[in-house]
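*Asks:* I am sharing structure.txt, which consists of compact mmCIF, C-alpha atoms:
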```txt
# COMPACT_ATOMS: atom_id res chain seq x y z
CA SER E 1 4.81 -9.22 -24.32
CA THR E 2 2.88 -8.06 -21.25
CA VAL E 3 -0.82 -7.67 -20.58
CA HIS E 4 -2.51 -5.96 -17.64
CA LEU E 5 -6.00 -6.63 -16.33
CA ARG E 6 -8.18 -3.57 -16.80
CA CYS E 7 -11.59 -4.68 -15.53
CA SER E 8 -13.72 -7.78 -14.92
CA ILE E 9 -13.36 -10.74 -17.29
CA MET E 10 -15.85 -12.74 -19.28
CA ILE E 11 -13.78 -15.80 -20.12
CA GLY E 12 -14.28 -17.91 -23.20
CA GLU E 13 -15.31 -21.51 -22.98
CA SER E 14 -12.76 -24.17 -23.90
CA THR E 15 -13.87 -27.64 -24.92
CA GLN E 16 -15.37 -29.78 -22.16
CA GLN E 17 -12.68 -32.38 -22.67
CA ALA E 18 -9.86 -29.88 -22.22
CA ARG E 19 -11.57 -28.42 -19.14
CA GLU E 20 -11.70 -31.85 -17.49
CA ARG E 21 -8.01 -32.51 -18.17
CA ASP E 22 -6.87 -29.11 -16.92
CA GLU E 23 -9.20 -28.81 -13.93
CA GLN E 24 -7.24 -30.52 -11.16
CA LEU E 25 -3.90 -28.78 -11.58
CA SER E 26 -5.22 -25.41 -12.71
CA THR E 27 -7.72 -25.21 -9.82
CA LEU E 28 -5.01 -25.94 -7.25
CA LEU E 29 -2.55 -23.51 -8.83
CA GLY E 30 -5.19 -20.81 -9.26
CA SER E 31 -6.59 -21.02 -5.72
CA THR E 32 -3.10 -20.89 -4.20
CA LEU E 33 -1.99 -17.95 -6.34
CA GLU E 34 -5.20 -16.18 -5.37
CA THR E 35 -4.49 -16.80 -1.69
CA ILE E 36 -0.90 -15.56 -2.00
CA ILE E 37 -2.02 -12.38 -3.78
CA HIS E 38 -4.56 -11.64 -1.04
CA GLN E 39 -1.86 -12.26 1.56
CA LEU E 40 0.49 -9.89 -0.24
CA CYS E 41 -2.20 -7.19 -0.22
CA TYR E 42 -2.34 -7.60 3.57
CA GLN E 43 1.38 -7.79 4.23
CA ARG E 44 2.37 -4.94 1.93
CA ILE E 45 -0.12 -2.66 3.76
CA ILE E 46 -2.07 -1.75 0.63
CA TYR E 47 -5.42 -1.71 2.45
CA PRO E 48 -6.39 -1.28 6.14
CA ALA E 49 -5.92 -4.41 8.27
CA ASP E 50 -9.59 -4.41 9.29
CA SER E 51 -10.61 -4.92 5.66
CA PHE E 52 -9.18 -8.47 5.76
CA VAL E 53 -10.48 -11.67 7.31
CA LEU E 54 -8.69 -14.83 8.40
CA HIS E 55 -9.29 -18.02 6.43
CA ARG E 56 -7.53 -21.30 5.71
CA HIS E 57 -5.98 -22.60 2.52
CA LEU E 58 -4.21 -25.96 2.39
CA GLY E 59 -4.51 -25.96 6.19
CA VAL E 60 -2.64 -22.65 6.52
CA ARG E 61 -4.15 -19.61 8.28
CA CYS E 62 -3.86 -16.53 6.08
CA PHE E 63 -5.58 -13.24 5.29
CA ALA E 64 -8.04 -12.46 2.49
CA SER E 65 -9.60 -9.14 1.52
CA ARG E 66 -13.32 -8.88 2.23
CA VAL E 67 -13.72 -6.02 -0.26
CA PRO E 68 -15.74 -7.43 -3.21
CA GLN E 69 -14.00 -5.29 -5.84
CA VAL E 70 -10.56 -6.50 -4.74
CA SER E 71 -11.60 -10.15 -4.74
CA GLN E 72 -13.27 -9.80 -8.14
CA TYR E 73 -10.21 -8.13 -9.65
CA ILE E 74 -7.89 -10.90 -8.47
CA SER E 75 -10.15 -13.82 -9.42
CA SER E 76 -10.96 -12.34 -12.84
CA PHE E 77 -7.28 -11.91 -13.63
CA LEU E 78 -6.46 -15.49 -12.63
CA GLU E 79 -9.35 -16.90 -14.70
CA VAL E 80 -7.30 -15.83 -17.71
CA ALA E 81 -3.74 -16.09 -16.39
CA VAL E 82 -3.86 -19.62 -14.94
CA PRO E 83 -5.02 -21.36 -18.16
CA SER E 84 -2.27 -19.44 -19.95
CA VAL E 85 0.29 -20.77 -17.45
CA ILE E 86 -0.93 -24.37 -17.67
CA ARG E 87 -0.80 -24.30 -21.48
CA GLY E 88 2.69 -22.85 -21.46
CA PHE E 89 1.87 -19.43 -22.91
CA CYS E 90 2.41 -17.32 -19.77
CA SER E 91 6.02 -16.85 -18.66
CA SER E 92 5.31 -14.81 -15.51
CA ILE E 93 2.68 -13.15 -13.33
CA VAL E 94 3.67 -9.91 -11.62
CA PHE E 95 2.17 -8.27 -8.52
CA PHE E 96 2.95 -4.55 -8.34
CA VAL E 97 2.63 -2.38 -5.24
CA LEU E 98 1.95 1.15 -6.47
CA GLU E 99 1.77 4.59 -4.90
CA GLU E 100 -0.14 7.31 -6.65
CA GLU E 101 1.93 10.43 -7.22
CA VAL E 102 0.77 13.64 -5.58
CA VAL E 103 2.09 17.19 -5.60
CA ALA E 104 2.09 19.64 -2.74
CA SER E 105 -1.04 21.71 -2.35
CA ASN E 106 -1.80 24.94 -0.53
CA ASN E 107 -5.29 23.84 0.50
CA SER E 108 -6.33 24.09 4.13
CA ARG E 109 -6.30 20.32 4.63
CA GLY E 110 -2.70 20.03 3.56
CA VAL E 111 -3.59 17.17 1.18
CA GLY E 112 -1.60 16.91 -2.04
CA GLU E 113 -3.21 16.90 -5.46
CA ARG E 114 -3.13 13.70 -7.48
CA THR E 115 -1.16 13.80 -10.73
CA GLY E 116 -2.61 10.62 -12.24
CA GLY E 117 0.81 8.95 -12.30
CA THR E 118 2.00 6.04 -10.15
CA GLU E 119 5.32 4.92 -8.74
CA VAL E 120 6.35 1.27 -8.33
CA VAL E 121 7.06 0.61 -4.66
CA GLU E 122 7.54 -3.17 -4.80
CA ARG E 123 7.20 -5.93 -7.33
CA PHE E 124 6.66 -9.66 -6.70
CA VAL E 125 7.14 -12.06 -9.61
CA PHE E 126 5.93 -15.62 -10.27
CA GLU E 127 8.05 -17.02 -13.11
CA PHE E 128 6.86 -20.19 -14.85
CA ASP E 129 8.52 -22.74 -17.09
CA VAL E 130 5.98 -25.30 -18.26
CA ASP E 131 6.61 -28.28 -20.52
CA GLN E 132 3.72 -30.67 -21.22
CA VAL E 133 1.92 -30.45 -17.89
CA VAL E 134 0.26 -33.72 -16.93
CA GLY E 135 -3.42 -33.60 -17.84
CA THR E 136 -3.15 -31.10 -20.69
CA VAL E 137 -3.66 -31.66 -24.42
CA GLU E 138 0.08 -31.50 -25.08
CA HIS E 139 0.81 -34.18 -22.47
CA GLU E 140 -1.93 -36.43 -23.84
CA GLU E 141 -0.42 -36.18 -27.34
CA LYS E 142 2.95 -37.17 -25.92
CA ILE E 143 1.40 -40.19 -24.17
CA LYS E 144 -0.44 -41.11 -27.37
CA GLY E 145 2.85 -41.07 -29.24
CA GLN E 146 4.30 -43.44 -26.69
CA GLN E 147 1.27 -45.72 -27.07
CA ASP E 148 2.00 -46.14 -30.75
CA GLU E 149 5.35 -47.68 -29.83
CA MET E 150 3.80 -50.14 -27.38
CA ASP E 151 2.59 -53.54 -28.52
CA ILE E 152 -0.96 -54.77 -27.98
CA GLU E 153 0.04 -57.07 -25.10
CA ASP E 154 1.44 -54.14 -23.11
CA LEU E 155 -1.70 -52.11 -23.70
CA GLN E 156 -3.79 -54.97 -22.33
CA LYS E 157 -1.75 -55.09 -19.13
CA GLN E 158 -2.15 -51.42 -18.32
CA SER E 159 -4.01 -48.82 -20.32
CA ALA E 160 -2.36 -45.51 -20.96
CA ASP E 161 -5.43 -43.78 -19.56
CA LYS E 162 -4.93 -45.41 -16.18
CA LYS E 163 -1.26 -44.55 -16.20
CA ASP E 164 -2.03 -40.94 -17.05
CA SER E 165 -4.60 -40.78 -14.24
CA GLU E 166 -2.04 -42.03 -11.74
CA LEU E 167 0.44 -39.43 -12.93
CA VAL E 168 -2.13 -36.67 -12.42
CA VAL E 169 -2.79 -37.81 -8.83
CA GLU E 170 0.93 -37.88 -8.03
CA ALA E 171 1.51 -34.53 -9.74
CA ARG E 172 -1.30 -32.93 -7.77
CA SER E 173 0.08 -34.27 -4.49
CA GLN E 174 3.56 -32.90 -5.17
CA LEU E 175 2.19 -29.59 -6.45
CA GLU E 176 0.03 -29.18 -3.34
CA ARG E 177 2.99 -29.71 -1.02
CA SER E 178 5.15 -27.27 -2.97
CA LEU E 179 2.49 -24.57 -3.20
CA LYS E 180 1.82 -24.88 0.54
CA GLU E 181 5.52 -24.23 1.17
CA CYS E 182 5.32 -21.23 -1.16
CA LEU E 183 2.37 -19.82 0.81
CA LEU E 184 4.19 -20.32 4.10
CA ARG E 185 7.22 -18.45 2.73
CA CYS E 186 4.94 -15.60 1.72
CA ILE E 187 3.40 -15.40 5.19
CA ALA E 188 6.89 -15.39 6.73
CA LEU E 189 7.89 -12.26 4.80
CA ARG E 190 8.58 -9.20 6.90
CA LYS E 191 5.82 -6.61 6.61
CA ARG E 192 6.58 -3.62 4.41
CA ARG E 193 7.60 -0.48 6.21
CA ARG E 194 5.74 2.65 5.25
CA ARG E 195 7.78 5.27 3.48
CA ALA E 196 8.09 8.84 4.68
CA LYS E 197 4.92 10.86 4.00
CA GLU E 198 3.18 7.79 2.59
CA ARG E 199 -0.63 7.90 2.79
CA GLN E 200 -2.60 4.66 2.63
CA GLU E 201 -5.28 6.13 0.38
CA ASN E 202 -2.62 6.58 -2.30
CA MET E 203 -1.59 2.89 -2.27
CA SER E 204 -2.85 0.34 -4.79
CA PHE E 205 -1.74 -2.78 -6.63
CA LYS E 206 -1.80 -4.11 -10.16
CA LEU E 207 -1.54 -7.58 -11.69
CA SER E 208 0.30 -8.20 -14.94
CA MET E 209 0.89 -11.25 -17.12
CA ARG E 210 3.78 -11.72 -19.53
CA THR E 211 3.47 -14.07 -22.47
CA LYS E 212 6.34 -15.88 -24.11
CA VAL E 213 5.55 -14.81 -27.66
CA GLU E 214 3.36 -12.18 -29.28
CA SER E 215 1.21 -14.83 -30.97
CA ALA E 216 0.45 -16.72 -27.75
CA ALA E 217 -2.90 -15.00 -27.25
CA LYS E 218 -4.46 -16.61 -30.33
CA ASP E 219 -3.75 -20.09 -28.90
CA CYS E 220 -5.45 -19.42 -25.55
CA SER E 221 -9.18 -18.75 -25.82
CA GLU E 222 -9.42 -17.09 -22.39
CA LEU E 223 -6.70 -14.58 -23.23
CA THR E 224 -7.98 -14.05 -26.76
CA ASN E 225 -11.47 -13.18 -25.52
CA ALA E 226 -10.13 -10.94 -22.73
CA LEU E 227 -8.08 -8.92 -25.22
CA LYS E 228 -10.97 -8.81 -27.68
CA GLU E 229 -13.40 -7.54 -25.05
CA GLY E 230 -10.92 -4.97 -23.80
CA ASP E 231 -10.68 -6.53 -20.34
CA PHE E 232 -6.89 -6.84 -20.70
CA LEU E 233 -4.70 -4.14 -22.17
CA ILE E 234 -1.17 -4.23 -23.59
CA PRO E 235 0.82 -1.50 -21.83
CA ALA E 236 3.82 0.52 -22.92
CA SER E 237 7.09 -1.40 -22.73
CA ASN E 238 8.29 0.62 -19.73
CA SER E 239 5.03 0.40 -17.81
CA CYS E 240 5.47 -0.30 -14.07
CA ASN E 241 9.23 -0.69 -14.35
CA PHE E 242 11.59 0.53 -11.64
CA SER E 243 13.22 3.78 -12.68
CA LYS E 244 16.72 2.33 -12.06
CA GLY E 245 16.01 -1.30 -12.94
CA GLY E 246 15.87 -4.18 -10.47
CA SER E 247 17.05 -7.66 -9.53
CA LEU E 248 15.00 -10.67 -8.40
CA ARG E 249 15.46 -11.95 -4.86
CA PRO E 250 14.19 -15.58 -4.67
CA ILE E 251 11.55 -16.41 -2.06
CA LYS E 252 10.62 -19.97 -3.10
CA GLN E 253 11.56 -22.15 -6.06
CA ILE E 254 9.44 -25.10 -7.15
CA ASP E 255 10.81 -27.74 -9.53
CA LEU E 256 8.25 -30.40 -10.50
CA THR E 257 9.52 -31.15 -13.99
CA SER E 258 9.73 -34.87 -13.25
CA SER E 259 6.13 -35.16 -12.04
CA CYS E 260 4.09 -32.50 -13.81
CA GLY E 261 6.45 -30.68 -16.13
CA MET E 262 6.41 -27.33 -14.33
CA ARG E 263 8.90 -25.05 -12.60
CA MET E 264 7.95 -21.90 -10.68
CA ASN E 265 10.18 -19.24 -9.19
CA PHE E 266 8.51 -16.87 -6.71
CA GLY E 267 10.58 -13.83 -5.86
CA MET E 268 10.65 -10.16 -4.93
CA GLU E 269 12.24 -7.71 -7.32
CA ILE E 270 14.47 -5.15 -5.61
CA GLU E 271 15.16 -1.77 -7.20
CA SER E 272 18.78 -1.21 -8.09
CA SER E 273 20.58 1.41 -6.02
```
Rewrite the structure of this file - the entire thing - as structure tokens.
*Replies:*
Amino acid sequence: STVHLRCSIMIGESTQQARERDEQLSTLLGSTLETIIHQLCYQRIIYPADSFVLHRHLGVRCFASRVPQVSQYISSFLEVAVPSVIRGFCSSIVFFVLEEEVVASNNSRGVGERTGGTEVVERFVFEFDVDQVVGTVEHEEKIKGQQDEMDIEDLQKQSADKKDSELVVEARSQLERSLKECLLRCIALRKRRRRAKERQENMSFKLSMRTKVESAAKDCSELTNALKEGDFLIPASNSCNFSKGGSLRPIKQIDLTSSCGMRMNFGMEIESS
């Protein structure tokens, strides 16, 4: 199923213990996804160049929107989407470049009239495959199961807590390197060329999250509350699809299954001819 962000989010509180376990990896993943989305807004010419400022993330110079509504929209979406990714409920995050449809008008300004519809111009996809990410409840249960098979002498030599902590540090280091490479690939993308008769005031973007199963929302408090409050909506099945279908062109693939149980495929979907 797919959910779109409709407005600002008031996220639900998870337990303090779960927050502490998830914090390191989810913060790194969330901040990098946020940076990439801002960079895409700049590169895909959705807003004027002078509405962006330079900043650094992971030591990389990139662009970020200085429009409060844009920043709030992106951060609010990720406050729900990232926990869903870390817990294995979210299968993909999609960034849509949209152009509002207009019809010819006979007014003196020569400006078309808006129809209320939109056309998908481009679509960037972050696909995730997560299996017991280090630091999450599921991973801790797996470690606990392994503890039961260890004898007391082994537990005295090295506690499972210390081992888990070391795994988290290593996982974060590898994830940081991989996400930095992903950001660099994004920056290296060729800027989008404007289409004939395209007007910047008609351009916009939308963020969407796809869950693996219909029941996933009830297992993620952030997503449950967002749907309950009406901050996310479930669109029609054909919402924001290319009219002729599309294929995914890979930009960067990350495989960290051995260290933190996560794979990510970042790509651009191309409309079929």
*Asks:* Would you be able to write out as a list in words which residues have an atom within 12 Å of (-8.7, -13.9, 9.8) in the file's coordinates, counting all atoms listed in the file?
*Replies:*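 Returned residue set, sorted by chain then number, is His38, Gln39, Tyr42, Ala49, Asp50, Ser51, Phe52, Val53, Leu54, His55, Arg56, His57, Val60, Arg61, Cys62, Phe63, Ala64, Ser65 and Arg66 of chain E.
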*Asks:* Take the residues from that selection and put them in a file with C-alpha atoms, as a compact mmCIF listing (two decimals), keeping the file's coordinate frame.
*Replies:*
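Result saved to result.txt:
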```txt
# COMPACT_ATOMS: atom_id res chain seq x y z
CA HIS E 38 -4.56 -11.64 -1.04
CA GLN E 39 -1.86 -12.26 1.56
CA TYR E 42 -2.34 -7.60 3.57
CA ALA E 49 -5.92 -4.41 8.27
CA ASP E 50 -9.59 -4.41 9.29
CA SER E 51 -10.61 -4.92 5.66
CA PHE E 52 -9.18 -8.47 5.76
CA VAL E 53 -10.48 -11.67 7.31
CA LEU E 54 -8.69 -14.83 8.40
CA HIS E 55 -9.29 -18.02 6.43
CA ARG E 56 -7.53 -21.30 5.71
CA HIS E 57 -5.98 -22.60 2.52
CA VAL E 60 -2.64 -22.65 6.52
CA ARG E 61 -4.15 -19.61 8.28
CA CYS E 62 -3.86 -16.53 6.08
CA PHE E 63 -5.58 -13.24 5.29
CA ALA E 64 -8.04 -12.46 2.49
CA SER E 65 -9.60 -9.14 1.52
CA ARG E 66 -13.32 -8.88 2.23
```
*Asks:* What does the distance from atom CA of E:Tyr47 to atom CA of E:Arg195 come to in Å, to one decimal?
*Replies:* 15.0 Å
*Asks:* May I have the residues within 10 Å of E:Phe95 as a VMD selection string, using all atoms listed in the file and disregarding those fewer than 5 positions away in the same chain?
*Replies:* chain E and resid 37 40 to 41 122 to 126 205 to 209 268
*Asks:* Quick check, in Å to one decimal: how far apart do atom CA of E:Thr32 and atom CA of E:Val120 lie?
*Replies:*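 According to the coordinates, atom CA of E:Thr32 and atom CA of E:Val120 are separated by 24.4 Å.
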*Asks:* Between E:Phe77, E:Leu29, E:Ser247, E:Ile86, which is the closest to E:Cys182 once you count only C-alpha atoms?
*Replies:*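 Ranked by minimum distance to E:Cys182, first place goes to E:Leu29.
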*Asks:* Counting all atoms listed in the file, figure out which residue out of E:Arg185, E:Lys191, E:Arg177, E:Arg172 gets nearest to E:Gly267.
*Replies:*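 The answer is E:Arg185, which sits nearest to E:Gly267.
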*Asks:* What's the separation between atom CA of E:Gly30 and atom CA of E:Arg210, in Å to one decimal place?
*Replies:*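 Going from atom CA of E:Gly30 over to atom CA of E:Arg210 covers 16.4 Å.
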*Asks:* For E:Leu248, which of E:Gln174, E:Ser76, E:Asn265, E:Asn202 is the closest residue, counting all atoms listed in the file?
*Replies:*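 Counting all atoms listed in the file, the residue closest to E:Leu248 is E:Asn265.
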*Asks:* Given all atoms listed in the file as the basis, pick out the residue of E:Glu198, E:Glu34, E:Asp131, E:Glu181 nearest to E:Leu98.
*Replies:*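 Answer, going by the shortest atom-to-atom distance: E:Glu198.
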